[in-house]
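The file start_17.cif contains mmCIF, C-alpha atoms:
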```cif
data_entry
loop_
_atom_site.label_atom_id
_atom_site.label_comp_id
_atom_site.auth_asym_id
_atom_site.auth_seq_id
_atom_site.Cartn_x
_atom_site.Cartn_y
_atom_site.Cartn_z
CA MET E 12 -91.36 -43.46 -9.13
CA THR E 13 -89.33 -40.85 -10.97
CA THR E 14 -87.10 -38.17 -9.44
CA PRO E 15 -86.38 -34.53 -10.32
CA LEU E 16 -84.20 -34.12 -13.37
CA SER E 17 -80.86 -32.32 -13.22
CA ALA E 18 -80.56 -28.54 -13.06
CA ALA E 19 -78.93 -28.60 -16.51
CA THR E 20 -81.96 -30.43 -17.89
CA LEU E 21 -84.42 -27.98 -16.33
CA ASP E 22 -82.34 -25.18 -17.84
CA GLN E 23 -82.38 -26.70 -21.31
CA VAL E 24 -86.11 -27.42 -21.31
CA PHE E 25 -87.33 -24.28 -19.55
CA ARG E 26 -85.05 -21.88 -17.72
CA THR E 27 -82.40 -20.90 -20.23
CA ALA E 28 -84.17 -21.94 -23.45
CA ARG E 29 -84.89 -18.89 -25.59
CA THR E 30 -86.65 -18.04 -28.84
CA PRO E 31 -84.16 -16.99 -31.53
CA ASN E 32 -84.98 -14.68 -34.43
CA ASP E 33 -82.32 -15.91 -36.84
CA TRP E 34 -81.00 -19.37 -37.56
CA VAL E 35 -77.77 -21.22 -38.29
CA ASP E 36 -77.71 -22.59 -41.84
CA GLU E 37 -77.97 -26.37 -41.60
CA THR E 38 -80.04 -29.32 -42.78
CA ILE E 39 -82.28 -31.30 -40.45
CA ASN E 40 -82.45 -34.85 -41.74
CA ASP E 41 -85.41 -37.22 -41.85
CA ASP E 42 -84.20 -39.24 -38.86
CA THR E 43 -84.15 -36.14 -36.67
CA VAL E 44 -87.64 -35.06 -37.70
CA HIS E 45 -88.91 -38.57 -36.99
CA ALA E 46 -87.16 -38.51 -33.61
CA ILE E 47 -88.96 -35.27 -32.69
CA TYR E 48 -92.31 -36.77 -33.69
CA ASP E 49 -91.57 -40.05 -31.90
CA LEU E 50 -91.19 -38.10 -28.64
CA LEU E 51 -94.03 -35.61 -28.94
CA LYS E 52 -96.54 -38.28 -29.96
CA TRP E 53 -96.46 -39.74 -26.42
CA GLY E 54 -97.73 -36.57 -24.75
CA PRO E 55 -101.21 -36.98 -23.27
CA THR E 56 -104.36 -35.92 -25.15
CA SER E 57 -108.02 -36.29 -24.30
CA ALA E 58 -108.97 -39.95 -24.85
CA ASN E 59 -105.75 -40.29 -26.87
CA SER E 60 -107.44 -38.27 -29.62
CA CYS E 61 -104.13 -36.96 -31.05
CA PRO E 62 -105.81 -34.29 -33.24
CA ALA E 63 -102.66 -32.41 -34.28
CA ARG E 64 -101.33 -32.80 -37.80
CA PHE E 65 -97.88 -31.63 -38.85
CA VAL E 66 -96.44 -30.30 -42.09
CA TRP E 67 -92.65 -30.31 -41.76
CA VAL E 68 -91.65 -27.52 -44.13
CA ARG E 69 -88.04 -28.09 -45.09
CA SER E 70 -87.68 -27.60 -48.87
CA ALA E 71 -86.82 -24.21 -50.37
CA GLU E 72 -90.09 -24.30 -52.28
CA GLY E 73 -92.10 -25.15 -49.15
CA LYS E 74 -90.44 -22.37 -47.16
CA ALA E 75 -91.22 -19.87 -49.91
CA ARG E 76 -94.89 -20.92 -50.00
CA LEU E 77 -95.19 -20.59 -46.24
CA ALA E 78 -93.19 -17.36 -45.96
CA ALA E 79 -95.45 -15.73 -48.55
CA LEU E 80 -98.38 -16.24 -46.16
CA ALA E 81 -96.61 -14.92 -43.04
CA MET E 82 -96.47 -11.48 -41.48
CA ASP E 83 -93.58 -9.39 -42.77
CA ALA E 84 -91.56 -9.83 -39.58
CA ASN E 85 -91.82 -13.61 -39.76
CA ARG E 86 -90.87 -14.09 -43.43
CA PRO E 87 -87.08 -13.93 -43.05
CA LYS E 88 -87.24 -16.24 -40.04
CA ILE E 89 -89.10 -18.90 -42.03
CA LEU E 90 -86.72 -18.59 -44.96
CA ALA E 91 -83.66 -18.80 -42.71
CA ALA E 92 -84.76 -21.66 -40.45
CA PRO E 93 -83.82 -25.18 -41.56
CA LEU E 94 -87.32 -26.41 -40.66
CA THR E 95 -90.65 -24.76 -39.86
CA VAL E 96 -93.51 -26.97 -38.75
CA ILE E 97 -97.14 -26.10 -39.45
CA ILE E 98 -99.19 -27.46 -36.56
CA GLY E 99 -102.81 -28.00 -37.58
CA ASN E 100 -105.90 -29.29 -35.76
CA ASP E 101 -107.78 -32.01 -37.64
CA LEU E 102 -111.53 -31.57 -37.11
CA ALA E 103 -111.93 -35.10 -38.50
CA PHE E 104 -109.75 -36.50 -35.72
CA ALA E 105 -112.54 -38.68 -34.32
CA ASP E 106 -112.45 -40.86 -37.44
CA LYS E 107 -109.23 -42.36 -36.06
CA MET E 108 -110.61 -43.32 -32.64
CA PRO E 109 -110.98 -47.04 -33.59
CA GLN E 110 -107.21 -47.03 -34.08
CA LEU E 111 -106.35 -44.70 -31.18
CA PHE E 112 -108.69 -45.95 -28.46
CA PRO E 113 -110.14 -49.26 -29.63
CA ALA E 114 -111.77 -50.11 -26.29
CA ARG E 115 -113.97 -47.00 -26.27
CA ALA E 116 -113.93 -45.77 -29.85
CA GLU E 117 -117.68 -45.67 -30.42
CA MET E 118 -118.43 -44.01 -27.07
CA MET E 119 -115.79 -41.35 -27.63
CA GLN E 120 -116.91 -40.71 -31.20
CA GLN E 121 -120.43 -40.01 -29.91
CA TRP E 122 -119.00 -37.67 -27.27
CA PHE E 123 -116.76 -35.80 -29.70
CA ALA E 124 -119.69 -35.36 -32.13
CA MET E 125 -121.65 -33.26 -29.62
CA PRO E 126 -122.09 -29.57 -30.55
CA GLY E 127 -118.91 -27.62 -29.95
CA VAL E 128 -117.00 -30.60 -28.62
CA THR E 129 -115.23 -31.43 -31.89
CA GLU E 130 -113.80 -27.93 -32.23
CA ALA E 131 -112.88 -27.53 -28.56
CA THR E 132 -111.22 -30.93 -28.40
CA ALA E 133 -109.27 -30.42 -31.62
CA SER E 134 -108.12 -26.97 -30.56
CA ARG E 135 -107.19 -27.78 -26.96
CA ASN E 136 -105.47 -31.07 -27.64
CA GLY E 137 -103.89 -30.00 -30.90
CA THR E 138 -102.33 -27.08 -29.06
CA LEU E 139 -101.10 -29.34 -26.25
CA GLN E 140 -99.39 -31.42 -28.94
CA GLY E 141 -97.87 -28.24 -30.37
CA ALA E 142 -96.34 -27.56 -26.97
CA TYR E 143 -95.07 -31.14 -26.80
CA LEU E 144 -93.40 -30.49 -30.16
CA ILE E 145 -91.56 -27.49 -28.71
CA ILE E 146 -90.43 -29.42 -25.65
CA ALA E 147 -89.45 -32.50 -27.67
CA ALA E 148 -87.26 -30.42 -29.96
CA ARG E 149 -85.61 -28.77 -26.97
CA THR E 150 -84.90 -32.11 -25.29
CA LEU E 151 -83.12 -33.16 -28.50
CA GLY E 152 -80.92 -30.06 -28.38
CA PHE E 153 -82.77 -27.76 -30.76
CA ASP E 154 -84.09 -24.22 -30.39
CA CYS E 155 -87.67 -23.35 -31.26
CA GLY E 156 -89.30 -20.24 -32.68
CA PRO E 157 -93.09 -20.54 -32.40
CA MET E 158 -95.12 -17.97 -34.35
CA SER E 159 -98.79 -17.15 -34.79
CA GLY E 160 -98.34 -14.19 -37.15
CA PHE E 161 -99.49 -15.63 -40.49
CA ASP E 162 -102.61 -15.92 -42.65
CA ASN E 163 -104.35 -18.97 -41.21
CA ALA E 164 -106.98 -19.21 -43.95
CA GLY E 165 -104.30 -18.86 -46.61
CA VAL E 166 -102.16 -21.59 -45.03
CA ASP E 167 -105.18 -23.87 -44.80
CA LYS E 168 -105.85 -23.39 -48.50
CA GLU E 169 -102.19 -23.81 -49.47
CA PHE E 170 -101.27 -26.76 -47.25
CA PHE E 171 -104.50 -28.41 -46.06
CA ALA E 172 -106.84 -28.18 -49.07
CA GLY E 173 -109.40 -30.99 -49.23
CA THR E 174 -109.09 -31.80 -45.52
CA LYS E 175 -110.72 -30.66 -42.29
CA ILE E 176 -107.35 -29.59 -40.89
CA GLN E 177 -107.10 -25.99 -39.64
CA SER E 178 -103.72 -24.36 -39.08
CA ASN E 179 -103.02 -23.50 -35.44
CA PHE E 180 -99.51 -22.07 -35.17
CA ILE E 181 -96.12 -22.57 -36.82
CA CYS E 182 -92.77 -23.30 -35.21
CA SER E 183 -89.27 -23.00 -36.63
CA ILE E 184 -86.76 -25.55 -35.36
CA GLY E 185 -83.00 -25.49 -35.63
CA HIS E 186 -80.09 -23.83 -33.89
CA GLY E 187 -80.63 -20.16 -33.28
CA LYS E 188 -77.99 -17.51 -33.69
CA PRO E 189 -77.34 -16.38 -30.10
CA GLU E 190 -77.11 -12.72 -31.11
CA SER E 191 -80.65 -12.90 -32.53
CA VAL E 192 -82.22 -13.57 -29.11
CA TRP E 193 -83.95 -10.55 -27.56
CA PRO E 194 -83.48 -9.61 -23.90
CA ARG E 195 -85.80 -11.75 -21.83
CA ASN E 196 -89.08 -10.23 -20.72
CA PRO E 197 -90.34 -10.77 -17.19
CA ARG E 198 -92.94 -13.34 -16.17
CA LEU E 199 -95.89 -13.04 -13.81
CA SER E 200 -95.18 -13.90 -10.20
CA PHE E 201 -96.81 -16.97 -8.69
CA ASP E 202 -99.41 -14.80 -6.97
CA GLU E 203 -100.14 -12.79 -10.10
CA ALA E 204 -100.79 -15.95 -12.09
CA GLY E 205 -102.80 -17.89 -9.55
CA ARG E 206 -103.72 -18.93 -6.04
CA PHE E 207 -104.28 -21.94 -3.84
CA ALA E 208 -107.78 -23.28 -3.14
CA MET S 24 -75.57 -24.96 -28.22
CA THR S 25 -77.39 -27.65 -26.29
CA THR S 26 -77.20 -31.39 -26.86
CA PRO S 27 -79.75 -34.22 -26.72
CA LEU S 28 -80.76 -35.15 -23.19
CA SER S 29 -80.27 -38.67 -21.83
CA ALA S 30 -82.51 -41.57 -22.76
CA ALA S 31 -83.71 -41.70 -19.14
CA THR S 32 -84.76 -38.06 -19.37
CA LEU S 33 -86.63 -38.58 -22.64
CA ASP S 34 -88.37 -41.55 -20.99
CA GLN S 35 -89.40 -39.54 -17.94
CA VAL S 36 -90.72 -36.60 -19.94
CA PHE S 37 -92.34 -38.48 -22.82
CA ARG S 38 -91.75 -42.15 -23.52
CA THR S 39 -92.59 -43.92 -20.29
CA ALA S 40 -94.64 -41.19 -18.58
CA ARG S 41 -98.24 -42.33 -18.16
CA THR S 42 -101.54 -40.94 -16.89
CA PRO S 43 -102.60 -42.62 -13.64
CA ASN S 44 -106.20 -42.96 -12.50
CA ASP S 45 -105.53 -43.22 -8.77
CA TRP S 46 -103.06 -41.46 -6.56
CA VAL S 47 -100.72 -42.07 -3.62
CA ASP S 48 -101.87 -40.21 -0.50
CA GLU S 49 -99.38 -37.42 0.16
CA THR S 50 -99.10 -33.67 0.61
CA ILE S 51 -97.53 -31.40 -1.98
CA ASN S 52 -96.03 -28.44 -0.17
CA ASP S 53 -95.93 -24.78 -1.19
CA ASP S 54 -92.29 -24.93 -2.27
CA THR S 55 -93.02 -27.73 -4.72
CA VAL S 56 -95.99 -25.92 -6.24
CA HIS S 57 -93.89 -22.78 -6.62
CA ALA S 58 -91.12 -24.87 -8.22
CA ILE S 59 -93.57 -26.21 -10.82
CA TYR S 60 -94.76 -22.69 -11.61
CA ASP S 61 -91.21 -21.33 -11.71
CA LEU S 62 -90.41 -23.79 -14.50
CA LEU S 63 -93.58 -23.60 -16.57
CA LYS S 64 -93.61 -19.80 -16.56
CA TRP S 65 -90.55 -19.75 -18.86
CA GLY S 66 -92.28 -21.59 -21.70
CA PRO S 67 -92.82 -19.40 -24.77
CA THR S 68 -96.12 -17.61 -25.44
CA SER S 69 -97.12 -15.14 -28.13
CA ALA S 70 -95.48 -11.79 -27.31
CA ASN S 71 -94.91 -13.15 -23.80
CA SER S 72 -98.65 -12.76 -23.18
CA CYS S 73 -98.75 -15.49 -20.50
CA PRO S 74 -102.58 -15.72 -20.48
CA ALA S 75 -102.92 -18.84 -18.32
CA ARG S 76 -104.10 -18.54 -14.74
CA PHE S 77 -103.82 -21.36 -12.23
CA VAL S 78 -105.89 -22.39 -9.25
CA TRP S 79 -103.89 -24.95 -7.29
CA VAL S 80 -106.62 -26.99 -5.59
CA ARG S 81 -105.09 -28.70 -2.59
CA SER S 82 -107.44 -28.31 0.39
CA ALA S 83 -110.14 -30.88 1.17
CA GLU S 84 -112.75 -28.18 0.77
CA GLY S 85 -111.32 -27.07 -2.60
CA LYS S 86 -111.20 -30.64 -3.89
CA ALA S 87 -114.82 -31.19 -2.87
CA ARG S 88 -115.94 -28.02 -4.67
CA LEU S 89 -114.09 -29.02 -7.84
CA ALA S 90 -115.09 -32.70 -7.71
CA ALA S 91 -118.76 -31.69 -7.47
CA LEU S 92 -118.42 -30.03 -10.88
CA ALA S 93 -116.63 -32.92 -12.59
CA MET S 94 -117.91 -35.88 -14.59
CA ASP S 95 -118.65 -38.92 -12.45
CA ALA S 96 -115.55 -40.76 -13.62
CA ASN S 97 -113.29 -37.85 -12.66
CA ARG S 98 -114.66 -37.17 -9.14
CA PRO S 99 -112.75 -39.88 -7.28
CA LYS S 100 -109.54 -38.93 -9.07
CA ILE S 101 -109.84 -35.30 -7.96
CA LEU S 102 -110.62 -36.32 -4.38
CA ALA S 103 -107.69 -38.78 -4.28
CA ALA S 104 -105.04 -36.60 -5.92
CA PRO S 105 -102.92 -34.43 -3.61
CA LEU S 106 -103.26 -31.51 -6.02
CA THR S 107 -105.46 -30.70 -9.00
CA VAL S 108 -104.73 -27.54 -10.97
CA ILE S 109 -107.44 -25.60 -12.77
CA ILE S 110 -105.85 -24.03 -15.84
CA GLY S 111 -107.82 -20.99 -17.01
CA ASN S 112 -107.39 -18.53 -19.88
CA ASP S 113 -107.60 -14.88 -18.84
CA LEU S 114 -109.38 -12.88 -21.55
CA ALA S 115 -108.06 -9.76 -19.79
CA PHE S 116 -104.47 -10.90 -20.30
CA ALA S 117 -103.57 -7.90 -22.45
CA ASP S 118 -103.91 -5.61 -19.42
CA LYS S 119 -100.59 -7.01 -18.22
CA MET S 120 -98.61 -6.31 -21.40
CA PRO S 121 -96.91 -3.20 -19.93
CA GLN S 122 -95.39 -5.55 -17.35
CA LEU S 123 -94.81 -8.52 -19.68
CA PHE S 124 -93.53 -6.80 -22.83
CA PRO S 125 -92.74 -3.19 -21.89
CA ALA S 126 -90.99 -2.39 -25.19
CA ARG S 127 -94.07 -3.16 -27.32
CA ALA S 128 -96.97 -3.12 -24.86
CA GLU S 129 -99.16 -0.60 -26.63
CA MET S 130 -98.64 -2.15 -30.07
CA MET S 131 -99.44 -5.61 -28.78
CA GLN S 132 -102.50 -4.41 -26.87
CA GLN S 133 -103.88 -2.93 -30.09
CA TRP S 134 -103.19 -6.20 -31.89
CA PHE S 135 -104.77 -8.36 -29.21
CA ALA S 136 -107.87 -6.13 -29.16
CA MET S 137 -108.73 -6.98 -32.77
CA PRO S 138 -111.89 -9.06 -33.30
CA GLY S 139 -111.32 -12.69 -32.40
CA VAL S 140 -107.66 -12.19 -31.52
CA THR S 141 -108.19 -11.91 -27.76
CA GLU S 142 -110.00 -15.24 -27.57
CA ALA S 143 -107.69 -17.07 -29.98
CA THR S 144 -104.56 -15.79 -28.23
CA ALA S 145 -105.84 -16.60 -24.75
CA SER S 146 -106.95 -20.07 -25.79
CA ARG S 147 -103.87 -21.04 -27.81
CA ASN S 148 -101.27 -19.67 -25.43
CA GLY S 149 -103.12 -20.62 -22.26
CA THR S 150 -103.22 -24.20 -23.54
CA LEU S 151 -99.51 -24.12 -24.39
CA GLN S 152 -98.90 -23.08 -20.78
CA GLY S 153 -101.09 -25.95 -19.62
CA ALA S 154 -98.82 -28.33 -21.52
CA TYR S 155 -95.77 -26.66 -19.98
CA LEU S 156 -97.35 -27.35 -16.58
CA ILE S 157 -97.61 -31.06 -17.41
CA ILE S 158 -94.01 -31.22 -18.61
CA ALA S 159 -92.70 -29.15 -15.69
CA ALA S 160 -94.37 -31.48 -13.19
CA ARG S 161 -92.90 -34.50 -14.95
CA THR S 162 -89.40 -33.03 -14.96
CA LEU S 163 -89.72 -32.62 -11.18
CA GLY S 164 -90.64 -36.29 -10.78
CA PHE S 165 -94.42 -36.11 -10.64
CA ASP S 166 -97.15 -37.84 -12.61
CA CYS S 167 -99.95 -35.88 -14.25
CA GLY S 168 -103.59 -36.63 -14.91
CA PRO S 169 -105.05 -34.01 -17.27
CA MET S 170 -108.85 -34.01 -17.61
CA SER S 171 -111.39 -32.06 -19.63
CA GLY S 172 -114.50 -33.83 -18.32
CA PHE S 173 -116.05 -31.19 -16.07
CA ASP S 174 -118.63 -28.39 -16.13
CA ASN S 175 -116.61 -25.45 -17.46
CA ALA S 176 -119.31 -22.85 -16.82
CA GLY S 177 -119.80 -24.18 -13.30
CA VAL S 178 -116.08 -24.06 -12.56
CA ASP S 179 -115.88 -20.51 -13.92
CA LYS S 180 -118.68 -19.46 -11.57
CA GLU S 181 -117.23 -21.31 -8.59
CA PHE S 182 -113.54 -20.38 -9.00
CA PHE S 183 -113.31 -17.42 -11.39
CA ALA S 184 -116.34 -15.26 -10.47
CA GLY S 185 -115.81 -11.55 -11.12
CA THR S 186 -112.96 -12.15 -13.58
CA LYS S 187 -112.61 -12.73 -17.32
CA ILE S 188 -110.88 -16.06 -16.71
CA GLN S 189 -112.39 -19.10 -18.46
CA SER S 190 -111.52 -22.60 -17.34
CA ASN S 191 -109.64 -24.62 -19.95
CA PHE S 192 -108.73 -28.02 -18.48
CA ILE S 193 -107.75 -29.44 -15.11
CA CYS S 194 -104.73 -31.55 -14.20
CA SER S 195 -104.08 -33.69 -11.16
CA ILE S 196 -100.46 -33.86 -10.01
CA GLY S 197 -98.85 -36.29 -7.60
CA HIS S 198 -97.53 -39.83 -7.69
CA GLY S 199 -99.86 -42.24 -9.43
CA LYS S 200 -100.57 -45.74 -8.24
CA PRO S 201 -98.90 -47.90 -10.92
CA GLU S 202 -101.78 -50.37 -10.95
CA SER S 203 -104.18 -47.55 -11.89
CA VAL S 204 -102.51 -46.94 -15.25
CA TRP S 205 -104.40 -48.36 -18.24
CA PRO S 206 -102.67 -50.27 -21.03
CA ARG S 207 -101.17 -47.77 -23.42
CA ASN S 208 -103.08 -46.97 -26.58
CA PRO S 209 -101.27 -46.68 -29.91
CA ARG S 210 -100.25 -43.41 -31.53
CA LEU S 211 -100.46 -42.30 -35.14
CA SER S 212 -97.45 -43.11 -37.28
CA PHE S 213 -95.34 -40.24 -38.61
CA ASP S 214 -97.00 -40.52 -42.02
CA GLU S 215 -100.52 -40.66 -40.57
CA ALA S 216 -99.89 -37.47 -38.59
CA GLY S 217 -98.10 -35.43 -41.21
CA ARG S 218 -95.81 -35.01 -44.15
CA PHE S 219 -92.82 -33.08 -45.43
CA ALA S 220 -93.22 -30.02 -47.64
#
```

How does this structure look as structure tokens?
Amino acid sequence: MTTPLSAATLDQVFRTARTPNDWVDETINDDTVHAIYDLLKWGPTSANSCPARFVWVRSAEGKARLAALAMDANRPKILAAPLTVIIGNDLAFADKMPQLFPARAEMMQQWFAMPGVTEATASRNGTLQGAYLIIAARTLGFDCGPMSGFDNAGVDKEFFAGTKIQSNFICSIGHGKPESVWPRNPRLSFDEAGRFA
Amino acid sequence: MTTPLSAATLDQVFRTARTPNDWVDETINDDTVHAIYDLLKWGPTSANSCPARFVWVRSAEGKARLAALAMDANRPKILAAPLTVIIGNDLAFADKMPQLFPARAEMMQQWFAMPGVTEATASRNGTLQGAYLIIAARTLGFDCGPMSGFDNAGVDKEFFAGTKIQSNFICSIGHGKPESVWPRNPRLSFDEAGRFA
């Protein structure tokens, strides 16, 4: 049985973590990117389907290609961040079920092939994995800047041509400049966001 | 600047956390449920839209109503778990922008009202918040059992009648019986799940 983590940990993962709008100039090396993936990959997905695919945009040329497809307000963030990840949902994810869930691969492939199930499963679970990416980066001491303001169809054509991968959202990772963080907006109260049953 | 969290923390949040299929009999009190919400609520969403809504199903009557709408394999899990949360996406989320993002409420409401944007924003960000729920519960020492095998339309009618909230997935929370955890399935390698650009 596990126990509650320290207050400092809860702060770093949730309570004091913020989204920066400008980034410290640095390089994020291969080992660090692999470490982020090697944490997020363990997060739970439906039948271990793991439908998210990741393009880790780190080169100057890659940043320029991605920034050109982003909303004006997001372009300088992408160019300044040491790394921006494109999180995509692979609609062909079920092809990997023999590897990912060998005991029930055929059964799950039949299930995922039902009308609407492929898309819903890819979208829901790919997005869960996108959230695991954010949390994994934070646990390793990084800040995250998730963004949905970009041309999804353009990104799909530029980065996922010839595949069934559809871009979901993008997320810059690095160390934010503290002065680039906006004042924090309020959240819904417990009662505004839900109820017991 | 934050630093990497301890190996034990990374284990608890990602590496050794597992999905149980049966649950220790216990009660999860109001304070604990509020503590989970008070962590997850800080996770980032697009323009602080916070579209997820939560029904915290804890009563015997609530569990029976939810279990009746679940796939056969999920019924006993819902009945055994001390708490199962229904995570829904509120398609009326933009109504709360004056509270959630007062400086840009009107601009964001116009944006979210564009064709397809309401649904995509509610789905993507509501699912991110569902992942934050899982991680928040784990950081507080709980196990999670997320499930998508249930009658979404039936749950919407039973728990979200008269609203624009659509059920997304459900997640049991408590302390799992260790013997109910299945052997862990493999994950995709870094190169199978992505690439640098």

- Task: Would you kindly return, as a PyMOL selection string, each protein, DNA or RNA residue with an atom no farther than 12 Å from any atom of Trp79 in chain S, considering only C-alpha atoms and excluding same-chain residues fewer than 6 positions away?
- Result: (chain E and resi 201-202+204-208) or (chain S and resi 51-53+55-57+59-60+85-86+89+101+104-111+156+182+193-196)

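Counting from CA of Asp113 in chain S, the distance to CA of Thr42 in chain S is 26.8 Å.
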
What residues come out when you apply the PyMOL selection byres ((chain S and resi 150) around 8) to this file, written as a CSV table (one decimal) with C-alpha atoms, in the coordinates of the input?
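See result.csv below for the written result:
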```csv
chain,number,residue,atom,x,y,z
E,135,ARG,CA,-107.2,-27.8,-27.0
E,138,THR,CA,-102.3,-27.1,-29.1
E,139,LEU,CA,-101.1,-29.3,-26.2
S,75,ALA,CA,-102.9,-18.8,-18.3
S,112,ASN,CA,-107.4,-18.5,-19.9
S,146,SER,CA,-107.0,-20.1,-25.8
S,147,ARG,CA,-103.9,-21.0,-27.8
S,148,ASN,CA,-101.3,-19.7,-25.4
S,149,GLY,CA,-103.1,-20.6,-22.3
S,151,LEU,CA,-99.5,-24.1,-24.4
S,152,GLN,CA,-98.9,-23.1,-20.8
S,153,GLY,CA,-101.1,-26.0,-19.6
S,154,ALA,CA,-98.8,-28.3,-21.5
S,191,ASN,CA,-109.6,-24.6,-20.0
```

- Nearest residue to chain S from the set E:Asp167, E:Asp49, E:Asp42, E:Asp36 (distances using all atoms listed in the file): E:Asp49

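Taking CA of Val78 in chain S as the reference point, CA of Thr32 in chain S is found at 28.2 Å.
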
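Of note, CA of Gly66 in chain S and CA of Asn196 in chain E are spaced 11.8 Å apart.
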
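Among the candidate residues E:Asn32, E:Asn163, E:Ser178, E:Gln23, the one lying nearest to Arg86 in chain E is E:Asn32, with distances computed using all atoms listed in the file.
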
- Message: Take the PyMOL selection byres ((chain E and resi 29) around 9), run it mentally on this structure, and tell me the resulting residues as a PyMOL selection string.
- Response: (chain E and resi 25-28+30-31+154-156+187+192-193+195) or (chain S and resi 65-67)

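Among the candidate residues S:Asn97, S:Thr141, S:Ser212, S:Gln133, the one lying nearest to chain E is S:Ser212, with distances computed using all atoms listed in the file.
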
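Shortest separation to Ile145 in chain E among E:Phe161, E:Phe180, E:Phe112, E:Phe171 occurs at residue E:Phe180, atoms counted being all atoms listed in the file.
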
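If you measure from each of E:Leu80, E:Met158, E:Leu90, E:Ala103 to chain S using only C-alpha atoms, the closest one turns out to be E:Met158.
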
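Residue neighbourhood of Gln120 in chain E, excluding near-sequence residues (fewer than 5 positions): Ala58, Asn59, Ser60, Ala103, Phe104, Ala105, Asp106, Lys107, Met108, Pro109, Gln110, Leu111, Phe112, Pro113, Ala114, Arg115, Met125, Val128, Thr129 and Thr132 of chain E, at 12 Å, using all atoms listed in the file.
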